[in-house]
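input.txt, holding compact mmCIF, C-alpha atoms (C1' of nucleotides):
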```
# COMPACT_ATOMS: atom_id res chain seq x y z
CA MET A 57 254.52 174.05 -7.71
CA THR A 58 255.83 171.83 -4.96
CA SER A 59 259.43 170.89 -5.13
CA ASP A 60 260.19 167.36 -6.16
CA THR A 61 263.27 167.21 -3.96
CA ARG A 62 261.29 168.30 -0.96
CA THR A 63 258.78 165.52 -1.49
CA ARG A 64 261.50 162.94 -1.94
CA LEU A 65 263.09 164.02 1.34
CA LEU A 66 259.75 163.77 3.06
CA GLU A 67 258.99 160.30 1.76
CA ALA A 68 262.48 158.98 2.39
CA SER A 69 262.22 160.27 5.96
CA ALA A 70 258.82 158.69 6.44
CA GLN A 71 260.04 155.32 5.23
CA LEU A 72 263.25 155.36 7.27
CA PHE A 73 261.56 156.55 10.42
CA ARG A 74 259.03 153.79 9.98
CA GLU A 75 261.71 151.14 9.70
CA GLN A 76 264.32 152.25 12.20
CA GLY A 77 262.82 155.09 14.16
CA TYR A 78 263.58 158.76 14.52
CA ALA A 79 266.72 158.70 16.63
CA GLY A 80 268.08 155.75 14.70
CA THR A 81 267.95 157.54 11.38
CA GLY A 82 270.61 160.06 10.38
CA LEU A 83 270.07 163.04 8.15
CA LYS A 84 272.86 161.86 5.89
CA GLN A 85 270.99 158.60 5.42
CA ILE A 86 267.83 160.48 4.55
CA THR A 87 269.46 162.61 1.88
CA ALA A 88 271.09 159.50 0.44
CA ALA A 89 267.84 157.54 0.35
CA GLY A 90 265.95 160.48 -1.11
CA GLU A 91 268.70 161.15 -3.63
CA ALA A 92 268.61 164.71 -2.47
CA PRO A 93 271.58 167.04 -2.06
CA TRP A 94 272.62 167.73 1.49
CA GLY A 95 272.32 171.45 0.95
CA SER A 96 268.65 171.11 0.10
CA LEU A 97 267.71 169.61 3.42
CA TYR A 98 268.16 172.76 5.45
CA HIS A 99 266.84 174.82 2.58
CA PHE A 100 263.46 173.09 2.64
CA PHE A 101 263.46 172.29 6.35
CA PRO A 102 265.18 175.16 8.14
CA GLY A 103 263.85 173.74 11.39
CA GLY A 104 266.19 170.79 10.96
CA LYS A 105 265.50 167.23 11.89
CA GLU A 106 262.60 168.02 14.15
CA GLN A 107 260.69 169.89 11.46
CA LEU A 108 261.46 167.18 8.93
CA GLY A 109 260.25 164.56 11.37
CA ALA A 110 257.02 166.36 12.16
CA GLU A 111 256.23 166.89 8.50
CA ALA A 112 257.10 163.31 7.63
CA VAL A 113 254.74 162.08 10.33
CA ALA A 114 251.94 164.29 9.03
CA HIS A 115 252.70 163.13 5.49
CA SER A 116 252.46 159.46 6.42
CA GLY A 117 249.34 160.14 8.44
CA GLY A 118 247.58 161.76 5.54
CA ARG A 119 248.53 158.96 3.23
CA TYR A 120 247.05 156.35 5.53
CA LEU A 121 243.94 158.43 5.94
CA LYS A 122 243.37 158.13 2.21
CA LEU A 123 244.00 154.41 2.42
CA PHE A 124 241.31 154.16 5.10
CA ASP A 125 238.79 155.71 2.75
CA ILE A 126 239.78 153.43 -0.08
CA VAL A 127 239.32 150.35 2.08
CA PHE A 128 236.04 151.60 3.53
CA ASP A 129 234.67 152.52 0.12
CA GLY A 130 235.74 149.18 -1.27
CA ALA A 131 233.66 147.39 1.32
CA ASP A 132 230.39 149.05 0.30
CA GLY A 133 229.36 150.18 3.73
CA ASP A 134 230.20 146.84 5.33
CA PHE A 135 232.22 148.10 8.28
CA VAL A 136 233.12 144.67 9.58
CA ARG A 137 234.57 143.75 6.23
CA SER A 138 236.57 146.98 6.25
CA VAL A 139 238.13 146.01 9.55
CA ARG A 140 239.05 142.59 8.27
CA ASP A 141 240.45 144.09 5.08
CA PHE A 142 242.58 146.54 6.95
CA PHE A 143 244.17 143.95 9.18
CA GLN A 144 244.72 141.80 6.10
CA LEU A 145 246.34 144.68 4.25
CA SER A 146 248.85 145.02 7.05
CA VAL A 147 249.54 141.31 7.01
CA GLU A 148 250.47 141.63 3.37
CA ALA A 149 252.47 144.81 3.86
CA LEU A 150 254.53 143.19 6.60
CA GLU A 151 255.23 140.10 4.56
CA ARG A 152 255.95 141.98 1.38
CA SER A 153 258.42 144.32 3.06
CA GLY A 154 260.21 141.67 5.07
CA TRP A 155 258.72 142.88 8.34
CA ALA A 156 259.77 146.48 7.76
CA ASP A 157 256.49 148.22 7.04
CA GLY A 158 254.60 148.38 10.30
CA CYS A 159 252.79 151.46 11.48
CA PRO A 160 254.49 154.55 10.03
CA ILE A 161 253.74 156.53 13.18
CA ALA A 162 253.98 154.26 16.20
CA THR A 163 257.77 153.99 16.38
CA VAL A 164 258.29 157.73 16.26
CA ALA A 165 255.37 158.25 18.62
CA LEU A 166 256.88 156.07 21.32
CA GLU A 167 260.39 157.41 20.85
CA THR A 168 259.41 161.03 21.05
CA ALA A 169 256.49 160.95 23.48
CA SER A 170 258.82 162.06 26.25
CA THR A 171 261.58 163.76 24.30
CA SER A 172 260.10 166.11 21.71
CA GLU A 173 256.85 167.92 22.18
CA PRO A 174 256.47 168.98 18.52
CA LEU A 175 256.94 165.41 17.34
CA ARG A 176 254.67 163.95 19.97
CA HIS A 177 252.03 166.42 18.98
CA ALA A 178 252.34 165.58 15.30
CA CYS A 179 251.90 161.90 16.08
CA ALA A 180 248.96 162.55 18.38
CA GLU A 181 247.21 164.52 15.66
CA VAL A 182 247.61 161.67 13.21
CA PHE A 183 246.15 159.17 15.64
CA VAL A 184 243.21 161.50 16.28
CA SER A 185 242.57 161.88 12.56
CA TRP A 186 242.57 158.11 12.12
CA GLN A 187 240.19 157.58 14.98
CA GLU A 188 237.87 160.22 13.58
CA ALA A 189 237.89 158.56 10.18
CA ILE A 190 236.95 155.23 11.72
CA ALA A 191 234.31 156.79 13.96
CA ARG A 192 232.74 158.56 11.00
CA ARG A 193 232.20 155.27 9.24
CA LEU A 194 230.80 153.71 12.37
CA ARG A 195 228.28 156.52 12.65
CA ALA A 196 227.39 156.00 9.02
CA ALA A 197 226.69 152.38 9.96
CA GLY A 198 224.23 153.54 12.59
CA VAL A 199 226.34 153.58 15.74
CA PRO A 200 225.58 156.48 18.12
CA ASP A 201 228.16 159.27 18.40
CA GLY A 202 229.91 158.49 21.67
CA ARG A 203 229.87 154.76 21.15
CA ALA A 204 231.35 155.24 17.68
CA ALA A 205 234.25 157.22 19.10
CA ASP A 206 234.92 154.54 21.70
CA LEU A 207 234.78 151.72 19.19
CA ALA A 208 237.10 153.60 16.87
CA THR A 209 239.66 153.99 19.63
CA TYR A 210 239.32 150.33 20.47
CA VAL A 211 239.79 149.21 16.86
CA LEU A 212 242.84 151.39 16.39
CA SER A 213 244.35 150.24 19.69
CA ALA A 214 243.99 146.60 18.81
CA PHE A 215 245.36 147.23 15.35
CA GLU A 216 248.42 149.13 16.57
CA GLY A 217 249.18 146.54 19.22
CA ALA A 218 248.82 143.63 16.84
CA LEU A 219 251.21 145.36 14.47
CA VAL A 220 253.78 145.65 17.24
CA LEU A 221 253.46 141.98 18.13
CA SER A 222 253.49 140.72 14.56
CA ARG A 223 256.41 142.81 13.44
CA THR A 224 258.44 141.86 16.49
CA ALA A 225 257.63 138.15 16.20
CA HIS A 226 258.10 138.02 12.44
CA ASP A 227 254.78 136.26 12.39
CA THR A 228 251.45 137.57 11.12
CA ARG A 229 249.47 135.48 13.58
CA ALA A 230 248.80 138.33 16.01
CA LEU A 231 247.32 140.48 13.26
CA LYS A 232 245.14 137.65 12.00
CA VAL A 233 243.91 136.55 15.41
CA THR A 234 243.34 140.05 16.73
CA GLY A 235 241.71 141.16 13.48
CA GLY A 236 239.29 138.28 13.71
CA ILE A 237 238.25 138.94 17.27
CA VAL A 238 237.98 142.69 16.76
CA ALA A 239 235.82 142.17 13.70
CA GLU A 240 233.49 139.95 15.70
CA THR A 241 233.29 142.45 18.54
CA VAL A 242 232.49 145.26 16.14
CA ARG A 243 229.87 143.18 14.36
CA ALA A 244 228.11 142.57 17.65
CA ALA A 245 228.16 146.29 18.36
CA LEU A 246 226.50 147.31 15.11
CA PRO A 247 222.73 147.91 15.14
CA MET B 31 276.42 136.97 44.30
CA THR B 32 275.19 139.30 41.60
CA SER B 33 276.92 142.60 41.29
CA ASP B 34 275.03 145.60 42.49
CA THR B 35 276.54 147.82 39.84
CA ARG B 36 275.51 145.43 37.13
CA THR B 37 271.91 145.50 38.33
CA ARG B 38 271.88 149.26 38.52
CA LEU B 39 273.14 149.48 34.96
CA LEU B 40 270.45 147.08 33.86
CA GLU B 41 267.65 148.95 35.55
CA ALA B 42 268.84 152.35 34.43
CA SER B 43 268.99 151.01 30.88
CA ALA B 44 265.51 149.55 31.12
CA GLN B 45 264.03 152.80 32.36
CA LEU B 46 265.81 154.99 29.81
CA PHE B 47 265.01 152.70 26.91
CA ARG B 48 261.41 152.73 28.00
CA GLU B 49 261.26 156.50 28.02
CA GLN B 50 263.35 157.49 25.03
CA GLY B 51 264.11 154.36 23.10
CA TYR B 52 267.24 152.41 22.36
CA ALA B 53 268.88 154.59 19.74
CA GLY B 54 267.96 157.73 21.63
CA THR B 55 269.78 156.67 24.77
CA GLY B 56 273.53 157.00 25.09
CA LEU B 57 275.77 154.78 27.16
CA LYS B 58 277.10 157.78 29.02
CA GLN B 59 273.58 158.64 30.03
CA ILE B 60 273.06 155.11 31.28
CA THR B 61 276.16 155.07 33.46
CA ALA B 62 275.19 158.46 34.83
CA ALA B 63 271.65 157.39 35.64
CA GLY B 64 272.82 154.13 37.14
CA GLU B 65 275.56 155.88 39.10
CA ALA B 66 277.92 153.34 37.70
CA PRO B 67 281.50 153.92 36.60
CA TRP B 68 282.07 153.97 32.90
CA GLY B 69 284.70 151.29 33.13
CA SER B 70 282.19 148.88 34.62
CA LEU B 71 279.90 148.98 31.65
CA TYR B 72 282.14 147.05 29.30
CA HIS B 73 283.31 144.89 32.15
CA PHE B 74 279.83 143.57 32.85
CA PHE B 75 278.57 143.84 29.30
CA PRO B 76 281.49 143.06 27.00
CA GLY B 77 279.02 142.77 24.14
CA GLY B 78 278.45 146.51 24.40
CA LYS B 79 275.21 148.32 23.93
CA GLU B 80 273.49 145.47 22.13
CA GLN B 81 274.10 143.02 24.97
CA LEU B 82 273.06 145.59 27.54
CA GLY B 83 269.90 146.28 25.54
CA ALA B 84 268.98 142.64 25.19
CA GLU B 85 269.50 141.97 28.88
CA ALA B 86 267.59 145.08 29.88
CA VAL B 87 264.66 143.96 27.74
CA ALA B 88 264.69 140.52 29.34
CA HIS B 89 264.96 142.12 32.76
CA SER B 90 261.93 144.34 32.19
CA GLY B 91 260.05 141.44 30.69
CA GLY B 92 260.58 139.28 33.74
CA ARG B 93 259.56 142.04 36.07
CA TYR B 94 256.27 142.54 34.27
CA LEU B 95 255.70 138.82 34.25
CA LYS B 96 255.76 138.88 38.02
CA LEU B 97 253.40 141.84 38.02
CA PHE B 98 250.99 139.82 35.88
CA ASP B 99 250.91 137.12 38.50
CA ILE B 100 250.36 139.58 41.29
CA VAL B 101 247.41 141.14 39.49
CA PHE B 102 245.94 137.77 38.54
CA ASP B 103 246.31 136.43 42.05
CA GLY B 104 244.81 139.58 43.47
CA ALA B 105 241.65 139.05 41.45
CA ASP B 106 240.93 135.62 42.91
CA GLY B 107 240.46 133.81 39.64
CA ASP B 108 238.29 136.55 38.18
CA PHE B 109 240.02 136.95 34.83
CA VAL B 110 237.85 139.82 33.65
CA ARG B 111 238.69 141.77 36.76
CA SER B 112 242.38 141.06 36.16
CA VAL B 113 242.12 142.59 32.71
CA ARG B 114 240.43 145.68 34.05
CA ASP B 115 243.00 145.96 36.83
CA PHE B 116 245.86 145.72 34.45
CA PHE B 117 244.59 148.47 32.18
CA GLN B 118 243.92 150.55 35.27
CA LEU B 119 247.43 149.97 36.56
CA SER B 120 248.82 151.37 33.35
CA VAL B 121 246.56 154.36 33.56
CA GLU B 122 248.04 155.12 36.93
CA ALA B 123 251.60 154.42 35.86
CA LEU B 124 251.27 156.80 32.93
CA GLU B 125 249.82 159.57 35.03
CA ARG B 126 252.22 159.11 37.90
CA SER B 127 255.27 159.20 35.62
CA GLY B 128 254.14 162.14 33.53
CA TRP B 129 253.47 159.96 30.48
CA ALA B 130 256.92 158.37 30.60
CA ASP B 131 256.17 154.84 31.76
CA GLY B 132 254.50 153.09 28.88
CA CYS B 133 255.36 149.57 27.80
CA PRO B 134 259.00 148.87 28.68
CA ILE B 135 259.42 146.74 25.57
CA ALA B 136 257.37 148.21 22.74
CA THR B 137 259.62 151.17 21.92
CA VAL B 138 262.73 149.05 21.65
CA ALA B 139 260.79 146.36 19.81
CA LEU B 140 259.69 148.74 17.07
CA GLU B 141 263.04 150.46 16.82
CA THR B 142 265.04 147.29 16.49
CA ALA B 143 262.64 145.00 14.63
CA SER B 144 264.50 145.76 11.42
CA THR B 145 267.90 146.80 12.70
CA SER B 146 269.12 144.32 15.33
CA GLU B 147 268.24 140.69 15.29
CA PRO B 148 269.43 140.00 18.87
CA LEU B 149 267.31 142.81 20.24
CA ARG B 150 264.30 141.94 18.15
CA HIS B 151 264.57 138.38 19.39
CA ALA B 152 264.80 139.46 23.02
CA CYS B 153 261.66 141.55 22.62
CA ALA B 154 259.83 138.77 20.83
CA GLU B 155 260.60 136.37 23.65
CA VAL B 156 259.20 138.77 26.21
CA PHE B 157 255.98 139.18 24.27
CA VAL B 158 255.67 135.41 23.98
CA SER B 159 256.17 134.97 27.71
CA TRP B 160 253.49 137.53 28.45
CA GLN B 161 251.03 135.92 26.10
CA GLU B 162 251.71 132.55 27.68
CA ALA B 163 251.10 133.95 31.13
CA ILE B 164 247.76 135.37 30.05
CA ALA B 165 246.79 132.21 28.20
CA ARG B 166 247.57 130.06 31.24
CA ARG B 167 245.13 132.04 33.32
CA LEU B 168 242.50 131.82 30.62
CA ARG B 169 242.87 128.05 30.57
CA ALA B 170 242.54 128.03 34.32
CA ALA B 171 239.27 129.87 33.82
CA GLY B 172 238.05 127.10 31.58
CA VAL B 173 238.90 128.36 28.11
CA PRO B 174 240.10 125.67 25.68
CA ASP B 175 243.79 125.65 24.72
CA GLY B 176 243.79 127.20 21.26
CA ARG B 177 241.12 129.73 22.09
CA ALA B 178 243.04 130.76 25.19
CA ALA B 179 246.14 131.46 23.13
CA ASP B 180 244.15 133.56 20.67
CA LEU B 181 242.43 135.54 23.38
CA ALA B 182 245.74 136.16 25.10
CA THR B 183 247.21 137.57 21.90
CA TYR B 184 244.14 139.72 21.45
CA VAL B 185 244.27 141.10 24.98
CA LEU B 186 247.96 141.92 24.75
CA SER B 187 247.51 143.54 21.33
CA ALA B 188 244.74 145.79 22.55
CA PHE B 189 246.71 146.64 25.66
CA GLU B 190 249.88 147.52 23.77
CA GLY B 191 248.02 149.62 21.24
CA ALA B 192 246.05 151.49 23.85
CA LEU B 193 249.30 152.29 25.63
CA VAL B 194 250.71 153.76 22.43
CA LEU B 195 247.65 155.92 21.90
CA SER B 196 247.37 157.06 25.49
CA ARG B 197 251.00 157.91 25.91
CA THR B 198 251.10 159.81 22.63
CA ALA B 199 247.90 161.71 23.34
CA HIS B 200 248.77 162.45 26.97
CA ASP B 201 245.31 161.17 27.74
CA THR B 202 244.33 157.95 29.46
CA ARG B 203 241.06 157.71 27.55
CA ALA B 204 242.32 155.11 25.07
CA LEU B 205 243.39 152.80 27.88
CA LYS B 206 240.11 153.18 29.72
CA VAL B 207 237.89 152.77 26.68
CA THR B 208 239.86 149.88 25.21
CA GLY B 209 240.19 148.19 28.57
CA GLY B 210 236.45 148.32 29.01
CA ILE B 211 235.62 146.83 25.64
CA VAL B 212 238.31 144.16 25.90
CA ALA B 213 237.06 143.16 29.34
CA GLU B 214 233.55 142.80 27.95
CA THR B 215 234.77 140.73 25.02
CA VAL B 216 236.72 138.44 27.28
CA ARG B 217 233.81 138.06 29.65
CA ALA B 218 231.62 136.92 26.78
CA ALA B 219 234.27 134.39 25.78
CA LEU B 220 234.50 132.75 29.19
CA PRO B 221 232.50 129.57 29.77
C1' DG C 116 300.66 139.42 54.49
C1' DT C 117 300.50 137.93 49.66
C1' DC C 118 298.89 137.07 45.50
C1' DA C 119 295.22 136.71 42.12
C1' DT C 120 291.09 138.29 40.56
C1' DA C 121 287.31 141.60 40.19
C1' DT C 122 286.19 146.08 39.59
C1' DT C 123 286.88 151.00 38.78
C1' DA C 124 289.11 155.13 36.65
C1' DG C 125 289.22 157.81 32.85
C1' DA C 126 291.78 159.18 28.70
C1' DT C 127 291.39 158.42 24.04
C1' DA C 128 290.30 156.74 19.36
C1' DG C 129 287.62 157.07 15.37
C1' DA C 130 283.29 157.56 13.52
C1' DT C 131 279.10 159.97 13.02
C1' DC C 132 275.78 163.17 14.59
C1' DG C 133 272.98 167.65 13.56
C1' DA C 134 273.82 172.10 12.10
C1' DT C 135 275.93 176.18 9.80
C1' DC C 136 278.45 178.41 6.38
C1' DT C 137 280.05 180.36 1.93
C1' DA C 138 280.26 179.76 -2.85
C1' DG C 139 278.36 178.86 -6.93
C1' DC C 140 275.04 176.92 -10.29
C1' DG C 141 271.16 177.52 -13.37
C1' DA C 142 266.61 178.93 -14.88
C1' DC C 143 263.81 182.68 -15.90
C1' DG C 144 262.02 187.53 -16.42
C1' DA C 145 263.32 192.28 -17.60
C1' DT D 15 272.61 190.29 -21.58
C1' DC D 16 272.15 190.95 -17.10
C1' DG D 17 270.40 190.16 -12.56
C1' DT D 18 267.70 187.78 -9.38
C1' DC D 19 266.50 184.12 -6.73
C1' DG D 20 265.64 179.22 -5.81
C1' DC D 21 268.40 175.58 -5.22
C1' DT D 22 272.67 172.81 -4.90
C1' DA D 23 277.48 171.73 -3.46
C1' DG D 24 280.14 170.27 0.12
C1' DA D 25 283.59 171.70 3.53
C1' DT D 26 283.54 172.26 8.25
C1' DC D 27 282.30 172.85 13.29
C1' DG D 28 281.73 171.17 17.85
C1' DA D 29 279.36 167.70 20.16
C1' DT D 30 278.42 163.15 21.03
C1' DC D 31 278.50 158.40 19.98
C1' DT D 32 280.36 153.47 20.90
C1' DA D 33 284.28 151.11 21.92
C1' DT D 34 289.03 150.15 23.48
C1' DC D 35 292.90 150.74 26.18
C1' DT D 36 296.15 150.98 30.22
C1' DA D 37 296.53 151.71 35.13
C1' DA D 38 295.11 151.90 39.47
C1' DT D 39 292.41 150.08 43.25
C1' DA D 40 289.48 146.95 45.92
C1' DT D 41 288.38 142.39 47.34
C1' DG D 42 288.91 137.87 48.96
C1' DA D 43 291.40 133.22 49.37
C1' DC D 44 295.06 131.08 51.43
```
Let's see the structure in the file written out as structure tokens.
Amino acid sequence: MTSDTRTRLLEASAQLFREQGYAGTGLKQITAAGEAPWGSLYHFFPGGKEQLGAEAVAHSGGRYLKLFDIVFDGADGDFVRSVRDFFQLSVEALERSGWADGCPIATVALETASTSEPLRHACAEVFVSWQEAIARRLRAAGVPDGRAADLATYVLSAFEGALVLSRTAHDTRALKVTGGIVAETVRAALP
Amino acid sequence: MTSDTRTRLLEASAQLFREQGYAGTGLKQITAAGEAPWGSLYHFFPGGKEQLGAEAVAHSGGRYLKLFDIVFDGADGDFVRSVRDFFQLSVEALERSGWADGCPIATVALETASTSEPLRHACAEVFVSWQEAIARRLRAAGVPDGRAADLATYVLSAFEGALVLSRTAHDTRALKVTGGIVAETVRAALP
DNA sequence: GTCATATTAGATAGATCGATCTAGCGACGA
DNA sequence: TCGTCGCTAGATCGATCTATCTAATATGAC
């Protein structure tokens, strides 16, 4: 039986880290947002902020992994449509949240790439899992192994970058434009 | 006559923000790195950390803009080669710096997109200037206006995303793979 | 040389940071 | 009813954060 408080702390962390980064978020703010008692934080996460951060990253990563599958399954094997759908989903998420909900990992990844090895590693693992999920679907669409891995990396790169540009510009154009071109490129690469 | 101390503060800020983000960098650390006296910081930047951050972002942005031109000019009008060169330059910068020198803007952009309007705006302006620089070269290569703008956004998106993945993974593969596919895509789009 | 301005020096304020600590609450089995 | 143990409560520590302040010191014009 997983603790409810623990989950709330994890999800509050994930959301706050996504919006304002790891260093920019205080533990007090996390307990407030998660409506969790201060004493519980170090009970559930004796490793402190770093452990909480690493677990929050993994939590967000897993959640998005499920979302990938939902989008892929909803497109009935049409990989190109999946790509379009995913970019479109982010367009809507950005608009709905007032430009707050970008990539739940990227901010922490960049902040901690040179400052915390455990956090960097957690972020790297999430990115790998996402690329594998995309590559798996590409292989299912008939793309050879190595080429599928490369295309998956390419799609994720373009997606992450477009999210950075769109969120910073407060304008979904980058996501729409990039999504369109990436979808075309992928279509041409399918057998 | 621009103050030397002021420039050192600006460049130290730019480098530290690039490595560890805006919130993760203290003003004391900046004065130490820039070998500048503490009293000078608020003399040159009375607006405090936010002003220093915004100016550092603009400073980095302008520096990269010049680098764009150097790379473009070095490729003798061969835009596809410019793209490859630029991805390759980042590969080398990442390796040389021990995975510290990624995009000088992206970290701050993500951190401050929802927390500081002046900083977000400074980052957005840099990204716009970069896209315009790329688009100008695409037009020079014969690509129509609107299409050039879209392709420029696409190239920058893919580049930024690949930098995030490579820096996080401590592996230049994402930059190499993405750079290759983007170069191919751009080549096919040229007249 | 004199005066005004630009810059440096560094102590200090006041807030907040992550982390630790002890005390106590409350549910549940014996 | 009594313990036990998971969890909560929140004071508190030392460090660090940004920002402000007053003096002292260069610097340059005249």
With all atoms listed in the file counted and 8 Å as the cut-off, give the residues of chain C in contact with chain A, each with its shortest interatomic distance in Å and the pair that gives it, as a tab-separated table.
```
residue	atom	partner	partner_atom	distance
C:DC132	C1'	A:Gly82	CA	7.4
C:DG133	C1'	A:Lys105	CA	7.7
C:DA134	C1'	A:Gly104	CA	7.8
```
CA of Lys232 (chain A) to CA of Ala149 (chain A), distance in Å rounded to a single decimal: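 Taking CA of Lys232 (chain A) as the start and CA of Ala149 (chain A) as the end point, the length is 13.1 Å.
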Please provide as a list of chain:residue names all residues within 12 Å of Gly176 (chain B), with the sequence filter that same-chain residues fewer than 5 positions apart are discarded (counting only C-alpha atoms (C1' of nucleotides)). A:Val233, B:Glu162, B:Ala165, B:Arg166, B:Leu168, B:Arg169, B:Leu181, B:Ala182, B:Thr183
Sorted per-residue table, chain A near chain D, closest atoms and distance, 10 Å, all atoms listed in the file, as CSV:
```
residue,atom,partner,partner_atom,distance
A:Thr61,CA,D:DC21,C1',9.9
A:Ala92,CA,D:DT22,C1',9.4
A:Pro93,CA,D:DT22,C1',6.5
A:Trp94,CA,D:DA23,C1',8.0
A:Gly95,CA,D:DT22,C1',6.0
A:Ser96,CA,D:DT22,C1',6.6
A:His99,CA,D:DC21,C1',8.0
A:Phe100,CA,D:DC21,C1',9.6
```
Which distance in Å separates CA of Val110 (chain B) and CA of Ile164 (chain B), to one decimal? 11.4 Å
Which is closer to chain B than all the others in A:Ser153, A:Thr63, A:Ser138, A:Gln76, using only C-alpha atoms?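 Using only C-alpha atoms, chain B sits closest to A:Gln76.
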Any idea which chain B residues end up within 9 Å of chain A if we count all atoms listed in the file, as a PyMOL selection string please? chain B and resi 47-55+128-130+132+136-145+150-151+153-155+157-158+180-181+183-195+197-200+203-205+207-209+211-212+215
Output file for the residues above (C-alpha atoms, as a PDB file, keeping the file's coordinate frame):
```pdb
ATOM      1  CA  PHE B  47     265.010 152.700  26.910  1.00  0.00           C
ATOM      2  CA  ARG B  48     261.410 152.730  28.000  1.00  0.00           C
ATOM      3  CA  GLU B  49     261.260 156.500  28.020  1.00  0.00           C
ATOM      4  CA  GLN B  50     263.350 157.490  25.030  1.00  0.00           C
ATOM      5  CA  GLY B  51     264.110 154.360  23.100  1.00  0.00           C
ATOM      6  CA  TYR B  52     267.240 152.410  22.360  1.00  0.00           C
ATOM      7  CA  ALA B  53     268.880 154.590  19.740  1.00  0.00           C
ATOM      8  CA  GLY B  54     267.960 157.730  21.630  1.00  0.00           C
ATOM      9  CA  THR B  55     269.780 156.670  24.770  1.00  0.00           C
ATOM     10  CA  GLY B 128     254.140 162.140  33.530  1.00  0.00           C
ATOM     11  CA  TRP B 129     253.470 159.960  30.480  1.00  0.00           C
ATOM     12  CA  ALA B 130     256.920 158.370  30.600  1.00  0.00           C
ATOM     13  CA  GLY B 132     254.500 153.090  28.880  1.00  0.00           C
ATOM     14  CA  ALA B 136     257.370 148.210  22.740  1.00  0.00           C
ATOM     15  CA  THR B 137     259.620 151.170  21.920  1.00  0.00           C
ATOM     16  CA  VAL B 138     262.730 149.050  21.650  1.00  0.00           C
ATOM     17  CA  ALA B 139     260.790 146.360  19.810  1.00  0.00           C
ATOM     18  CA  LEU B 140     259.690 148.740  17.070  1.00  0.00           C
ATOM     19  CA  GLU B 141     263.040 150.460  16.820  1.00  0.00           C
ATOM     20  CA  THR B 142     265.040 147.290  16.490  1.00  0.00           C
ATOM     21  CA  ALA B 143     262.640 145.000  14.630  1.00  0.00           C
ATOM     22  CA  SER B 144     264.500 145.760  11.420  1.00  0.00           C
ATOM     23  CA  THR B 145     267.900 146.800  12.700  1.00  0.00           C
ATOM     24  CA  ARG B 150     264.300 141.940  18.150  1.00  0.00           C
ATOM     25  CA  HIS B 151     264.570 138.380  19.390  1.00  0.00           C
ATOM     26  CA  CYS B 153     261.660 141.550  22.620  1.00  0.00           C
ATOM     27  CA  ALA B 154     259.830 138.770  20.830  1.00  0.00           C
ATOM     28  CA  GLU B 155     260.600 136.370  23.650  1.00  0.00           C
ATOM     29  CA  PHE B 157     255.980 139.180  24.270  1.00  0.00           C
ATOM     30  CA  VAL B 158     255.670 135.410  23.980  1.00  0.00           C
ATOM     31  CA  ASP B 180     244.150 133.560  20.670  1.00  0.00           C
ATOM     32  CA  LEU B 181     242.430 135.540  23.380  1.00  0.00           C
ATOM     33  CA  THR B 183     247.210 137.570  21.900  1.00  0.00           C
ATOM     34  CA  TYR B 184     244.140 139.720  21.450  1.00  0.00           C
ATOM     35  CA  VAL B 185     244.270 141.100  24.980  1.00  0.00           C
ATOM     36  CA  LEU B 186     247.960 141.920  24.750  1.00  0.00           C
ATOM     37  CA  SER B 187     247.510 143.540  21.330  1.00  0.00           C
ATOM     38  CA  ALA B 188     244.740 145.790  22.550  1.00  0.00           C
ATOM     39  CA  PHE B 189     246.710 146.640  25.660  1.00  0.00           C
ATOM     40  CA  GLU B 190     249.880 147.520  23.770  1.00  0.00           C
ATOM     41  CA  GLY B 191     248.020 149.620  21.240  1.00  0.00           C
ATOM     42  CA  ALA B 192     246.050 151.490  23.850  1.00  0.00           C
ATOM     43  CA  LEU B 193     249.300 152.290  25.630  1.00  0.00           C
ATOM     44  CA  VAL B 194     250.710 153.760  22.430  1.00  0.00           C
ATOM     45  CA  LEU B 195     247.650 155.920  21.900  1.00  0.00           C
ATOM     46  CA  ARG B 197     251.000 157.910  25.910  1.00  0.00           C
ATOM     47  CA  THR B 198     251.100 159.810  22.630  1.00  0.00           C
ATOM     48  CA  ALA B 199     247.900 161.710  23.340  1.00  0.00           C
ATOM     49  CA  HIS B 200     248.770 162.450  26.970  1.00  0.00           C
ATOM     50  CA  ARG B 203     241.060 157.710  27.550  1.00  0.00           C
ATOM     51  CA  ALA B 204     242.320 155.110  25.070  1.00  0.00           C
ATOM     52  CA  LEU B 205     243.390 152.800  27.880  1.00  0.00           C
ATOM     53  CA  VAL B 207     237.890 152.770  26.680  1.00  0.00           C
ATOM     54  CA  THR B 208     239.860 149.880  25.210  1.00  0.00           C
ATOM     55  CA  GLY B 209     240.190 148.190  28.570  1.00  0.00           C
ATOM     56  CA  ILE B 211     235.620 146.830  25.640  1.00  0.00           C
ATOM     57  CA  VAL B 212     238.310 144.160  25.900  1.00  0.00           C
ATOM     58  CA  THR B 215     234.770 140.730  25.020  1.00  0.00           C
TER      59      THR B 215
END
```
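From CA of Asp132 (chain A) back to CA of Arg119 (chain A), the distance works out to 20.9 Å.
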Quick one: everything within 10 Å of Asp103 (chain B), counting all atoms listed in the file, minus sequence neighbours fewer than 5 positions away in the same chain. Send it as a ChimeraX atom specification. /B:97-98,108-109,112,167
For Thr87 (chain A), which residue among A:Asp125, A:Glu67, A:Asp227, A:Glu151 is the nearest when counting only C-alpha atoms?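 Closest residue, counting only C-alpha atoms: A:Glu67.
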